$ cat model-v4.cif   # mmCIF, C-alpha atoms
data_model
#
loop_
_atom_site.group_PDB
_atom_site.id
_atom_site.type_symbol
_atom_site.label_atom_id
_atom_site.label_comp_id
_atom_site.auth_asym_id
_atom_site.auth_seq_id
_atom_site.Cartn_x
_atom_site.Cartn_y
_atom_site.Cartn_z
ATOM 1 C CA ALA A 217 -4.907 -17.288 10.804
ATOM 2 C CA SER A 218 -8.608 -17.182 9.990
ATOM 3 C CA TRP A 219 -8.030 -17.440 6.233
ATOM 4 C CA LEU A 220 -4.841 -19.516 6.089
ATOM 5 C CA ARG A 221 -5.707 -22.117 8.697
ATOM 6 C CA GLY A 222 -9.482 -21.853 8.722
ATOM 7 C CA ASP A 223 -9.368 -20.642 12.316
ATOM 8 C CA ALA A 224 -12.902 -19.486 13.151
ATOM 9 C CA GLY A 225 -11.750 -18.382 16.599
ATOM 10 C CA ALA A 226 -9.300 -15.928 15.051
ATOM 11 C CA ALA A 227 -12.044 -14.540 12.821
ATOM 12 C CA LYS A 228 -14.344 -14.058 15.786
ATOM 13 C CA ALA A 229 -11.595 -12.361 17.805
ATOM 14 C CA ALA A 230 -10.839 -9.977 14.930
ATOM 15 C CA VAL A 231 -14.471 -8.908 14.611
ATOM 16 C CA GLU A 232 -14.774 -8.472 18.380
ATOM 17 C CA GLU A 233 -11.706 -6.224 18.260
ATOM 18 C CA LEU A 234 -13.407 -4.214 15.539
ATOM 19 C CA ALA A 235 -16.401 -3.642 17.810
ATOM 20 C CA ARG A 236 -14.138 -2.648 20.701
ATOM 21 C CA PHE A 237 -12.280 -0.162 18.514
ATOM 22 C CA ALA A 238 -15.525 1.433 17.380
ATOM 23 C CA ALA A 239 -16.791 1.749 20.946
ATOM 24 C CA GLN A 240 -13.561 3.226 22.320
ATOM 25 C CA ASN A 241 -12.633 5.539 19.424
ATOM 26 C CA PRO A 242 -15.585 7.646 18.274
ATOM 27 C CA PRO A 243 -14.899 9.303 14.904
ATOM 28 C CA GLY A 244 -12.864 12.485 15.151
ATOM 29 C CA PHE A 245 -11.878 12.052 18.794
ATOM 30 C CA GLY A 246 -8.623 10.749 20.254
ATOM 31 C CA ILE A 247 -5.263 9.643 18.941
ATOM 32 C CA ALA A 248 -6.756 7.166 16.463
ATOM 33 C CA TRP A 249 -8.070 10.134 14.472
ATOM 34 C CA ALA A 250 -5.121 12.491 14.850
ATOM 35 C CA GLN A 251 -3.747 12.063 11.318
ATOM 36 C CA ALA A 252 -5.503 11.307 8.064
ATOM 37 C CA GLN A 253 -2.676 8.957 7.039
ATOM 38 C CA GLU A 254 -3.312 6.662 10.005
ATOM 39 C CA VAL A 255 -7.031 6.666 9.251
ATOM 40 C CA ALA A 256 -6.322 5.861 5.595
ATOM 41 C CA LEU A 257 -4.082 2.895 6.360
ATOM 42 C CA ARG A 258 -6.594 1.585 8.887
ATOM 43 C CA ALA A 259 -9.388 1.856 6.313
ATOM 44 C CA VAL A 260 -7.494 -0.452 3.954
ATOM 45 C CA ALA A 261 -6.865 -2.828 6.867
ATOM 46 C CA LEU A 262 -10.639 -2.924 7.413
ATOM 47 C CA LEU A 263 -11.042 -4.098 3.818
ATOM 48 C CA TRP A 264 -8.578 -6.915 4.479
ATOM 49 C CA LEU A 265 -10.385 -7.789 7.713
ATOM 50 C CA PHE A 266 -13.708 -8.368 5.995
ATOM 51 C CA HIS A 267 -12.401 -10.367 3.076
ATOM 52 C CA LEU A 268 -10.186 -12.604 5.204
ATOM 53 C CA THR A 269 -12.791 -13.418 7.867
ATOM 54 C CA ARG A 270 -16.201 -13.350 6.166
ATOM 55 C CA GLY A 271 -16.065 -17.051 5.299
ATOM 56 C CA HIS A 272 -16.569 -17.927 8.965
ATOM 57 C CA GLY A 273 -19.976 -16.290 9.294
ATOM 58 C CA VAL A 274 -18.770 -13.778 11.872
ATOM 59 C CA PHE A 275 -20.391 -10.831 10.102
ATOM 60 C CA ASP A 276 -24.025 -10.931 11.111
ATOM 61 C CA THR A 277 -26.223 -7.973 10.147
ATOM 62 C CA GLU A 278 -25.107 -5.923 13.153
ATOM 63 C CA ARG A 279 -21.392 -6.519 12.652
ATOM 64 C CA PHE A 280 -21.574 -5.986 8.903
ATOM 65 C CA SER A 281 -23.419 -2.701 9.388
ATOM 66 C CA LEU A 282 -20.778 -1.595 11.885
ATOM 67 C CA TRP A 283 -17.945 -2.519 9.514
ATOM 68 C CA LEU A 284 -19.553 -0.707 6.603
ATOM 69 C CA ALA A 285 -20.323 2.383 8.663
ATOM 70 C CA LEU A 286 -16.718 2.497 9.890
ATOM 71 C CA LEU A 287 -15.410 2.282 6.338
ATOM 72 C CA VAL A 288 -17.625 5.142 5.199
ATOM 73 C CA VAL A 289 -16.604 7.286 8.181
ATOM 74 C CA HIS A 290 -12.935 6.520 7.563
ATOM 75 C CA ALA A 291 -13.157 7.405 3.877
ATOM 76 C CA GLU A 292 -15.033 10.641 4.486
ATOM 77 C CA PHE A 293 -12.583 11.647 7.227
ATOM 78 C CA VAL A 294 -9.646 11.102 4.877
ATOM 79 C CA ALA A 295 -11.335 12.956 2.012
ATOM 80 C CA ALA A 296 -12.006 15.933 4.290
ATOM 81 C CA ASN A 297 -8.518 15.982 5.824
ATOM 82 C CA LEU A 298 -6.085 15.242 3.005
ATOM 83 C CA SER A 299 -2.534 16.415 3.706
ATOM 84 C CA ASP A 300 -2.718 18.410 0.489
ATOM 85 C CA HIS A 301 -0.474 21.333 1.369
ATOM 86 C CA PRO A 302 2.086 23.251 -0.717
ATOM 87 C CA VAL A 303 4.743 20.781 0.472
ATOM 88 C CA THR A 304 3.487 17.205 0.202
ATOM 89 C CA HIS A 305 5.054 13.852 1.023
ATOM 90 C CA ASN A 306 4.314 10.189 1.678
ATOM 91 C CA HIS A 307 1.323 10.954 3.921
ATOM 92 C CA LEU A 308 -0.714 12.273 1.001
ATOM 93 C CA VAL A 309 0.202 9.261 -1.146
ATOM 94 C CA SER A 310 -1.167 6.915 1.540
ATOM 95 C CA GLU A 311 -4.325 8.965 1.949
ATOM 96 C CA ALA A 312 -5.080 9.299 -1.756
ATOM 97 C CA GLY A 313 -4.241 5.651 -2.376
ATOM 98 C CA ALA A 314 -6.650 4.530 0.334
ATOM 99 C CA LEU A 315 -9.467 6.575 -1.179
ATOM 100 C CA ALA A 316 -8.781 5.095 -4.600
ATOM 101 C CA LEU A 317 -8.663 1.552 -3.197
ATOM 102 C CA LEU A 318 -11.883 1.973 -1.230
ATOM 103 C CA GLY A 319 -13.646 3.465 -4.215
ATOM 104 C CA ILE A 320 -12.535 0.637 -6.507
ATOM 105 C CA ALA A 321 -13.223 -2.146 -4.003
ATOM 106 C CA LEU A 322 -16.694 -0.957 -2.967
ATOM 107 C CA PRO A 323 -18.317 0.287 -6.197
ATOM 108 C CA ALA A 324 -21.883 -0.192 -4.925
ATOM 109 C CA LEU A 325 -21.545 2.473 -2.238
ATOM 110 C CA PRO A 326 -23.040 5.860 -3.183
ATOM 111 C CA ALA A 327 -19.815 7.725 -2.424
ATOM 112 C CA ALA A 328 -17.476 5.179 -4.042
ATOM 113 C CA ALA A 329 -17.114 6.950 -7.390
ATOM 114 C CA ARG A 330 -16.264 10.214 -5.632
ATOM 115 C CA TRP A 331 -13.618 8.534 -3.464
ATOM 116 C CA ARG A 332 -12.166 6.755 -6.480
ATOM 117 C CA ARG A 333 -11.946 9.897 -8.601
ATOM 118 C CA LEU A 334 -10.481 12.046 -5.837
ATOM 119 C CA GLY A 335 -8.040 9.380 -4.689
ATOM 120 C CA ALA A 336 -6.804 8.492 -8.159
ATOM 121 C CA ARG A 337 -6.438 12.121 -9.233
ATOM 122 C CA VAL A 338 -4.372 13.056 -6.195
ATOM 123 C CA LEU A 339 -2.386 9.808 -6.087
ATOM 124 C CA TRP A 340 -1.173 9.923 -9.683
ATOM 125 C CA ARG A 341 -0.503 13.659 -9.414
ATOM 126 C CA GLU A 342 1.619 13.104 -6.317
ATOM 127 C CA ILE A 343 3.519 10.173 -7.818
ATOM 128 C CA ALA A 344 4.516 12.464 -10.700
ATOM 129 C CA LYS A 345 5.341 15.295 -8.303
ATOM 130 C CA GLN A 346 7.186 13.393 -5.571
ATOM 131 C CA ILE A 347 9.073 10.785 -7.612
ATOM 132 C CA ASP A 348 11.659 11.864 -10.159
ATOM 133 C CA ALA A 349 12.092 10.263 -13.575
ATOM 134 C CA GLU A 350 14.786 7.932 -12.195
ATOM 135 C CA GLY A 351 12.384 6.589 -9.557
ATOM 136 C CA ILE A 352 13.797 8.326 -6.475
ATOM 137 C CA SER A 353 11.545 10.069 -3.936
ATOM 138 C CA GLY A 354 11.846 13.785 -3.421
ATOM 139 C CA GLU A 355 12.279 13.009 0.274
ATOM 140 C CA HIS A 356 15.563 11.311 -0.736
ATOM 141 C CA SER A 357 14.652 8.399 1.481
ATOM 142 C CA THR A 358 14.927 4.835 0.226
ATOM 143 C CA HIS A 359 12.472 3.650 2.863
ATOM 144 C CA TYR A 360 9.828 6.303 2.283
ATOM 145 C CA SER A 361 10.033 5.688 -1.448
ATOM 146 C CA ALA A 362 9.414 1.975 -0.823
ATOM 147 C CA PHE A 363 6.600 2.898 1.569
ATOM 148 C CA GLU A 364 4.920 4.855 -1.229
ATOM 149 C CA LEU A 365 5.506 1.944 -3.575
ATOM 150 C CA ASP A 366 3.350 -0.259 -1.303
ATOM 151 C CA THR A 367 0.357 1.970 -2.041
ATOM 152 C CA ALA A 368 1.136 2.532 -5.722
ATOM 153 C CA ILE A 369 1.481 -1.169 -6.581
ATOM 154 C CA ALA A 370 -1.660 -2.151 -4.667
ATOM 155 C CA THR A 371 -3.626 0.551 -6.479
ATOM 156 C CA LEU A 372 -2.283 -0.458 -9.893
ATOM 157 C CA LEU A 373 -3.191 -4.107 -9.292
ATOM 158 C CA LEU A 374 -6.709 -3.355 -8.094
ATOM 159 C CA ALA A 375 -7.280 -0.814 -10.883
ATOM 160 C CA GLU A 376 -6.152 -3.396 -13.425
ATOM 161 C CA ARG A 377 -8.543 -5.960 -12.008
ATOM 162 C CA ALA A 378 -11.419 -3.468 -12.085
ATOM 163 C CA GLY A 379 -10.638 -2.356 -15.640
ATOM 164 C CA MET A 380 -9.875 1.166 -14.465
ATOM 165 C CA ALA A 381 -7.577 3.249 -16.670
ATOM 166 C CA VAL A 382 -4.345 4.553 -15.169
ATOM 167 C CA PRO A 383 -2.467 7.456 -16.811
ATOM 168 C CA VAL A 384 0.432 6.113 -18.859
ATOM 169 C CA ALA A 385 2.869 8.614 -17.340
ATOM 170 C CA ALA A 386 1.859 7.693 -13.790
ATOM 171 C CA ARG A 387 2.262 3.991 -14.484
ATOM 172 C CA ALA A 388 5.690 4.622 -15.969
ATOM 173 C CA ARG A 389 6.740 6.622 -12.912
ATOM 174 C CA VAL A 390 5.667 3.775 -10.587
ATOM 175 C CA GLY A 391 7.714 1.446 -12.765
ATOM 176 C CA ALA A 392 10.723 3.724 -12.326
ATOM 177 C CA MET A 393 10.214 3.596 -8.537
ATOM 178 C CA ALA A 394 10.242 -0.192 -8.598
ATOM 179 C CA ASP A 395 13.232 -0.334 -10.929
ATOM 180 C CA ALA A 396 15.261 1.932 -8.649
ATOM 181 C CA ALA A 397 14.324 -0.110 -5.570
ATOM 182 C CA VAL A 398 15.288 -3.379 -7.291
ATOM 183 C CA ALA A 399 18.660 -1.894 -8.250
ATOM 184 C CA LEU A 400 19.298 -0.836 -4.646
ATOM 185 C CA LEU A 401 17.967 -4.026 -3.052
ATOM 186 C CA ARG A 402 20.441 -5.973 -0.939
ATOM 187 C CA ALA A 403 20.712 -9.755 -0.837
ATOM 188 C CA ASP A 404 18.532 -9.994 2.296
ATOM 189 C CA GLY A 405 15.750 -7.957 0.692
ATOM 190 C CA THR A 406 16.463 -4.763 2.618
ATOM 191 C CA LEU A 407 17.355 -1.376 1.203
ATOM 192 C CA PRO A 408 20.367 0.716 2.183
ATOM 193 C CA PRO A 409 19.173 3.196 4.842
ATOM 194 C CA ILE A 410 19.521 6.421 2.876
ATOM 195 C CA GLY A 411 17.603 9.365 4.322
ATOM 196 C CA ASP A 412 14.843 9.378 6.909
ATOM 197 C CA THR A 413 13.034 6.213 7.944
ATOM 198 C CA ASP A 414 10.620 4.882 10.525
ATOM 199 C CA SER A 415 10.628 1.343 9.059
ATOM 200 C CA GLY A 416 6.955 1.771 8.187
ATOM 201 C CA ARG A 417 4.962 -0.231 5.679
ATOM 202 C CA ALA A 418 1.571 0.610 4.234
ATOM 203 C CA TRP A 419 0.704 -3.041 4.870
ATOM 204 C CA ARG A 420 2.942 -5.698 6.298
ATOM 205 C CA LEU A 421 2.961 -8.618 3.880
ATOM 206 C CA GLY A 422 5.829 -10.720 5.196
ATOM 207 C CA ILE A 423 7.630 -11.454 8.439
ATOM 208 C CA ASP A 424 10.295 -8.738 8.239
ATOM 209 C CA PRO A 425 8.850 -5.282 7.440
ATOM 210 C CA LEU A 426 12.230 -4.153 6.110
ATOM 211 C CA ASP A 427 12.331 -6.947 3.522
ATOM 212 C CA ARG A 428 10.924 -5.298 0.384
ATOM 213 C CA ARG A 429 11.011 -8.365 -1.857
ATOM 214 C CA ASP A 430 7.268 -8.866 -1.357
ATOM 215 C CA VAL A 431 6.141 -5.573 -2.892
ATOM 216 C CA LEU A 432 8.851 -5.733 -5.569
ATOM 217 C CA ALA A 433 7.766 -9.245 -6.545
ATOM 218 C CA ALA A 434 4.235 -7.859 -6.822
ATOM 219 C CA ALA A 435 5.688 -5.066 -8.984
ATOM 220 C CA ALA A 436 7.307 -7.696 -11.206
ATOM 221 C CA VAL A 437 3.862 -9.240 -11.686
ATOM 222 C CA THR A 438 2.270 -5.856 -12.363
ATOM 223 C CA PHE A 439 4.814 -4.848 -15.019
ATOM 224 C CA GLY A 440 5.721 -8.306 -16.314
ATOM 225 C CA ARG A 441 9.391 -7.780 -15.423
ATOM 226 C CA SER A 442 11.231 -11.077 -15.195
ATOM 227 C CA ASP A 443 14.479 -9.260 -14.403
ATOM 228 C CA TRP A 444 12.895 -7.892 -11.220
ATOM 229 C CA GLY A 445 11.436 -11.307 -10.409
ATOM 230 C CA ALA A 446 14.878 -12.877 -10.712
ATOM 231 C CA VAL A 447 16.064 -10.526 -7.958
ATOM 232 C CA THR A 448 13.083 -10.910 -5.621
ATOM 233 C CA GLY A 449 12.410 -14.592 -6.179
ATOM 234 C CA ASP A 450 9.008 -15.979 -5.319
ATOM 235 C CA ALA A 451 8.588 -13.770 -2.241
ATOM 236 C CA PRO A 452 5.701 -15.313 -0.232
ATOM 237 C CA GLY A 453 4.311 -11.947 0.875
ATOM 238 C CA ALA A 454 3.552 -10.998 -2.735
ATOM 239 C CA PHE A 455 0.664 -13.471 -2.644
ATOM 240 C CA TRP A 456 -1.460 -11.042 -0.644
ATOM 241 C CA LEU A 457 -1.332 -8.433 -3.402
ATOM 242 C CA THR A 458 -1.248 -10.603 -6.515
ATOM 243 C CA GLY A 459 -3.641 -13.362 -5.480
ATOM 244 C CA GLY A 460 -1.059 -16.042 -6.163
ATOM 245 C CA ARG A 461 -0.093 -15.022 -9.708
ATOM 246 C CA ALA A 462 3.315 -16.384 -10.663
ATOM 247 C CA VAL A 463 6.226 -13.991 -10.268
ATOM 248 C CA PRO A 464 7.923 -13.765 -13.685
ATOM 249 C CA GLY A 465 11.561 -14.780 -13.615
ATOM 250 C CA ALA A 466 11.417 -15.960 -9.995
ATOM 251 C CA ALA A 467 13.310 -19.145 -10.818
ATOM 252 C CA GLY A 468 15.907 -17.366 -12.921
ATOM 253 C CA ALA A 469 19.404 -16.256 -12.054
ATOM 254 C CA ALA A 470 19.772 -12.783 -10.596
ATOM 255 C CA PRO A 471 21.538 -10.246 -12.828
ATOM 256 C CA GLY A 472 25.298 -9.889 -12.484
ATOM 257 C CA GLY A 473 27.311 -6.826 -11.571
ATOM 258 C CA PHE A 474 26.527 -3.340 -12.843
ATOM 259 C CA ALA A 475 27.013 0.329 -12.086
ATOM 260 C CA ARG A 476 24.302 2.964 -12.009
ATOM 261 C CA ARG A 477 24.010 6.588 -11.041
ATOM 262 C CA PHE A 478 20.857 8.389 -9.951
ATOM 263 C CA GLU A 479 21.752 11.892 -11.064
ATOM 264 C CA ALA A 480 19.150 14.045 -9.325
ATOM 265 C CA ALA A 481 19.409 12.200 -6.012
ATOM 266 C CA GLY A 482 23.201 12.078 -6.041
ATOM 267 C CA ILE A 483 23.256 8.328 -5.450
ATOM 268 C CA GLY A 484 25.888 6.132 -7.082
ATOM 269 C CA LEU A 485 25.671 2.345 -7.097
ATOM 270 C CA ALA A 486 28.213 -0.286 -8.154
ATOM 271 C CA ARG A 487 27.886 -3.971 -7.428
ATOM 272 C CA THR A 488 29.689 -7.129 -8.452
ATOM 273 C CA GLY A 489 26.595 -9.324 -8.266
ATOM 274 C CA ARG A 490 23.945 -10.521 -5.848
#
$ encode --input "model-v4.cif" --output "structure tokens"
Amino acid sequence: ASWLRGDAGAAKAAVEELARFAAQNPPGFGIAWAQAQEVALRAVALLWLFHLTRGHGVFDTERFSLWLALLVVHAEFVAANLSDHPVTHNHLVSEAGALALLGIALPALPAAARWRRLGARVLWREIAKQIDAEGISGEHSTHYSAFELDTAIATLLLAERAGMAVPVAARARVGAMADAAVALLRADGTLPPIGDTDSGRAWRLGIDPLDRRDVLAAAAVTFGRSDWGAVTGDAPGAFWLTGGRAVPGAAGAAPGGFARRFEAAGIGLARTGR
């Protein structure tokens, strides 16, 4: 509301909520600090908060210092508590992605390079480990795979903007994730509920969190895939990741019928059209 409608009251309310959170949730204590994944996702939300409200002058020296201190505490908490165990899953992808995003977005901070290196190293390693060559998550969950795609696409876009190199193999694996999700996408933008799900999103870009056209439209921009864009259309939520870049193929006709088999996951797909 603050950014879209120029609502200064919304900006003020958001910053006041930030101060309340800080006062009621000291670092390392309470449910807000129970899992590194939650801390990681909140850290990225804090980035959004600043950039969407700063135009209203709500960040005086005190509030800006609080925001910056919270970001540093969040990043250091995540770095010290990564879910990097022998068996890893979507939690670690969120955590590593947040560190990479914070490190790229805040290069002037002393710890930024360390966050960026650690986050990127773990993120791209986990994408290669958790996602098979056909783009399916090792959790065999369509929703968790799409949840990981939220983080992967955001990191690719920000890395591209910052001129940061991404391993070719990792980028290709993210492309496979997006390609698989586009193939499985239903006409309403949802995915078939295969495997576990909690309907979570790394960041909610549109009205319906189960509608994945936003992140897949952003993927179409990232990879220049007009065939994906023809399926997603000009999904409004993609704006928040791409900055308004045109979705290639958005005005085109969606592909016709096809059949596809994801061998390792044991998923078969046949459709007559969209």
$ resolve_selection --input "model-v4.cif" --expression "the PyMOL selection byres ((chain A and resi 469-479) around 7)" --output "PDB file with C-alpha atoms, in the coordinates of the input"
ATOM      1  CA  GLU A 350      14.786   7.932 -12.195  1.00  0.00           C
ATOM      2  CA  ALA A 446      14.878 -12.877 -10.712  1.00  0.00           C
ATOM      3  CA  VAL A 447      16.064 -10.526  -7.958  1.00  0.00           C
ATOM      4  CA  ALA A 467      13.310 -19.145 -10.818  1.00  0.00           C
ATOM      5  CA  GLY A 468      15.907 -17.366 -12.921  1.00  0.00           C
ATOM      6  CA  ALA A 480      19.150  14.045  -9.325  1.00  0.00           C
ATOM      7  CA  ALA A 481      19.409  12.200  -6.012  1.00  0.00           C
ATOM      8  CA  GLY A 482      23.201  12.078  -6.041  1.00  0.00           C
ATOM      9  CA  ILE A 483      23.256   8.328  -5.450  1.00  0.00           C
ATOM     10  CA  GLY A 484      25.888   6.132  -7.082  1.00  0.00           C
ATOM     11  CA  LEU A 485      25.671   2.345  -7.097  1.00  0.00           C
ATOM     12  CA  ALA A 486      28.213  -0.286  -8.154  1.00  0.00           C
ATOM     13  CA  ARG A 487      27.886  -3.971  -7.428  1.00  0.00           C
ATOM     14  CA  THR A 488      29.689  -7.129  -8.452  1.00  0.00           C
ATOM     15  CA  GLY A 489      26.595  -9.324  -8.266  1.00  0.00           C
ATOM     16  CA  ARG A 490      23.945 -10.521  -5.848  1.00  0.00           C
TER      17      ARG A 490
END
$ closest_residue --input "model-v4.cif" --among "A:Leu308, A:Leu373, A:Ala229, A:Ala252" --to "Arg461 of chain A" --atoms "only C-alpha atoms"
A:Leu373
$ closest_residue --input "model-v4.cif" --among "A:Gly391, A:Thr371, A:His359, A:Trp264" --to "Asp427 of chain A" --atoms "only C-alpha atoms"
A:His359
$ resolve_selection --input "model-v4.cif" --expression "the PyMOL selection byres ((chain A and resi 388) around 12)" --output "VMD selection string"
chain A and resid 340 343 to 344 347 to 351 368 to 369 372 382 to 387 389 to 395 435 438 to 439
$ atom_distance --input "model-v4.cif" --atom1 "atom CA of Asp450 of chain A" --atom2 "atom CA of Phe363 of chain A"
20.2 Å
$ closest_residue --input "model-v4.cif" --among "A:Pro323, A:Gly465, A:Gly379, A:Gly354" --to "Asp412 of chain A" --atoms "all atoms listed in the file"
A:Gly354
$ residues_around --input "model-v4.cif" --residues "Arg333 of chain A" --least-positions-apart "4" --cutoff "12 Å" --atoms "all atoms listed in the file" --output "list of chain:residue names"
A:Ala295, A:Ala312, A:Gly313, A:Ala314, A:Leu315, A:Ala316, A:Leu317, A:Leu318, A:Gly319, A:Ile320, A:Pro323, A:Ala327, A:Ala328, A:Ala329, A:Arg337, A:Val338, A:Leu339, A:Trp340, A:Ala375, A:Met380, A:Ala381, A:Val382
$ residues_near_point --input "model-v4.cif" --point "(3.7, -8.0, -1.8)" --cutoff "12 Å" --atoms "only C-alpha atoms" --output "ChimeraX atom specification"
/A:362-363,365-370,373,417-423,425,427-438,448-461,463
$ atom_distance --input "model-v4.cif" --atom1 "atom CA of His307 of chain A" --atom2 "atom CA of Arg332 of chain A"
17.5 Å
$ resolve_selection --input "model-v4.cif" --expression "the PyMOL selection byres ((chain A and resi 284-289) around 12)" --output "PDB file with C-alpha atoms, keeping the file's coordinate frame"
ATOM      1  CA  LEU A 234     -13.407  -4.214  15.539  1.00  0.00           C
ATOM      2  CA  ALA A 235     -16.401  -3.642  17.810  1.00  0.00           C
ATOM      3  CA  PHE A 237     -12.280  -0.162  18.514  1.00  0.00           C
ATOM      4  CA  ALA A 238     -15.525   1.433  17.380  1.00  0.00           C
ATOM      5  CA  ALA A 239     -16.791   1.749  20.946  1.00  0.00           C
ATOM      6  CA  ASN A 241     -12.633   5.539  19.424  1.00  0.00           C
ATOM      7  CA  PRO A 242     -15.585   7.646  18.274  1.00  0.00           C
ATOM      8  CA  PRO A 243     -14.899   9.303  14.904  1.00  0.00           C
ATOM      9  CA  GLY A 244     -12.864  12.485  15.151  1.00  0.00           C
ATOM     10  CA  TRP A 249      -8.070  10.134  14.472  1.00  0.00           C
ATOM     11  CA  ALA A 252      -5.503  11.307   8.064  1.00  0.00           C
ATOM     12  CA  VAL A 255      -7.031   6.666   9.251  1.00  0.00           C
ATOM     13  CA  ALA A 256      -6.322   5.861   5.595  1.00  0.00           C
ATOM     14  CA  LEU A 257      -4.082   2.895   6.360  1.00  0.00           C
ATOM     15  CA  ARG A 258      -6.594   1.585   8.887  1.00  0.00           C
ATOM     16  CA  ALA A 259      -9.388   1.856   6.313  1.00  0.00           C
ATOM     17  CA  VAL A 260      -7.494  -0.452   3.954  1.00  0.00           C
ATOM     18  CA  ALA A 261      -6.865  -2.828   6.867  1.00  0.00           C
ATOM     19  CA  LEU A 262     -10.639  -2.924   7.413  1.00  0.00           C
ATOM     20  CA  LEU A 263     -11.042  -4.098   3.818  1.00  0.00           C
ATOM     21  CA  TRP A 264      -8.578  -6.915   4.479  1.00  0.00           C
ATOM     22  CA  LEU A 265     -10.385  -7.789   7.713  1.00  0.00           C
ATOM     23  CA  PHE A 266     -13.708  -8.368   5.995  1.00  0.00           C
ATOM     24  CA  PHE A 275     -20.391 -10.831  10.102  1.00  0.00           C
ATOM     25  CA  THR A 277     -26.223  -7.973  10.147  1.00  0.00           C
ATOM     26  CA  GLU A 278     -25.107  -5.923  13.153  1.00  0.00           C
ATOM     27  CA  ARG A 279     -21.392  -6.519  12.652  1.00  0.00           C
ATOM     28  CA  PHE A 280     -21.574  -5.986   8.903  1.00  0.00           C
ATOM     29  CA  SER A 281     -23.419  -2.701   9.388  1.00  0.00           C
ATOM     30  CA  LEU A 282     -20.778  -1.595  11.885  1.00  0.00           C
ATOM     31  CA  TRP A 283     -17.945  -2.519   9.514  1.00  0.00           C
ATOM     32  CA  HIS A 290     -12.935   6.520   7.563  1.00  0.00           C
ATOM     33  CA  ALA A 291     -13.157   7.405   3.877  1.00  0.00           C
ATOM     34  CA  GLU A 292     -15.033  10.641   4.486  1.00  0.00           C
ATOM     35  CA  PHE A 293     -12.583  11.647   7.227  1.00  0.00           C
ATOM     36  CA  VAL A 294      -9.646  11.102   4.877  1.00  0.00           C
ATOM     37  CA  ALA A 295     -11.335  12.956   2.012  1.00  0.00           C
ATOM     38  CA  ALA A 296     -12.006  15.933   4.290  1.00  0.00           C
ATOM     39  CA  ALA A 314      -6.650   4.530   0.334  1.00  0.00           C
ATOM     40  CA  LEU A 315      -9.467   6.575  -1.179  1.00  0.00           C
ATOM     41  CA  LEU A 317      -8.663   1.552  -3.197  1.00  0.00           C
ATOM     42  CA  LEU A 318     -11.883   1.973  -1.230  1.00  0.00           C
ATOM     43  CA  GLY A 319     -13.646   3.465  -4.215  1.00  0.00           C
ATOM     44  CA  ALA A 321     -13.223  -2.146  -4.003  1.00  0.00           C
ATOM     45  CA  LEU A 322     -16.694  -0.957  -2.967  1.00  0.00           C
ATOM     46  CA  ALA A 324     -21.883  -0.192  -4.925  1.00  0.00           C
ATOM     47  CA  LEU A 325     -21.545   2.473  -2.238  1.00  0.00           C
ATOM     48  CA  PRO A 326     -23.040   5.860  -3.183  1.00  0.00           C
ATOM     49  CA  ALA A 327     -19.815   7.725  -2.424  1.00  0.00           C
ATOM     50  CA  ALA A 328     -17.476   5.179  -4.042  1.00  0.00           C
ATOM     51  CA  TRP A 331     -13.618   8.534  -3.464  1.00  0.00           C
TER      52      TRP A 331
END
$ atom_distance --input "model-v4.cif" --atom1 "atom CA of Ser299 of chain A" --atom2 "atom CA of Glu342 of chain A"
11.3 Å
$ residues_near_point --input "model-v4.cif" --point "(-7.4, -18.4, 10.1)" --cutoff "12 Å" --atoms "all atoms listed in the file" --output "PyMOL selection string"
chain A and resi 217-230+265+267-272
$ closest_residue --input "model-v4.cif" --among "A:Val231, A:Val309, A:Ala462, A:Leu374" --to "Gly273 of chain A" --atoms "all atoms listed in the file"
A:Val231
$ closest_residue --input "model-v4.cif" --among "A:Lys345, A:Arg377, A:Ala336, A:Pro408" --to "Pro302 of chain A" --atoms "only C-alpha atoms"
A:Lys345
$ decode --input "model-v4.cif" --residues "segment 412-419 of chain A" --atoms "N, CA and C atoms" --output "compact mmCIF listing (two decimals), in the first residue's frame"
# COMPACT_ATOMS: atom_id res chain seq x y z
N ASP A 412 4.14 -34.00 -0.15
CA ASP A 412 3.85 -33.17 1.02
C ASP A 412 3.66 -31.72 0.61
N THR A 413 2.88 -30.99 1.39
CA THR A 413 2.72 -29.56 1.14
C THR A 413 2.19 -28.86 2.38
N ASP A 414 2.61 -27.62 2.56
CA ASP A 414 1.98 -26.76 3.57
C ASP A 414 1.52 -25.44 2.92
N SER A 415 1.48 -25.45 1.58
CA SER A 415 1.04 -24.28 0.80
C SER A 415 1.93 -23.07 1.02
N GLY A 416 3.16 -23.28 1.45
CA GLY A 416 4.04 -22.17 1.76
C GLY A 416 4.64 -21.53 0.52
N ARG A 417 4.99 -20.27 0.66
CA ARG A 417 5.74 -19.53 -0.35
C ARG A 417 6.89 -18.82 0.34
N ALA A 418 8.02 -18.71 -0.35
CA ALA A 418 9.12 -17.95 0.22
C ALA A 418 8.71 -16.49 0.35
N TRP A 419 8.01 -15.99 -0.64
CA TRP A 419 7.40 -14.65 -0.57
C TRP A 419 6.14 -14.68 -1.40
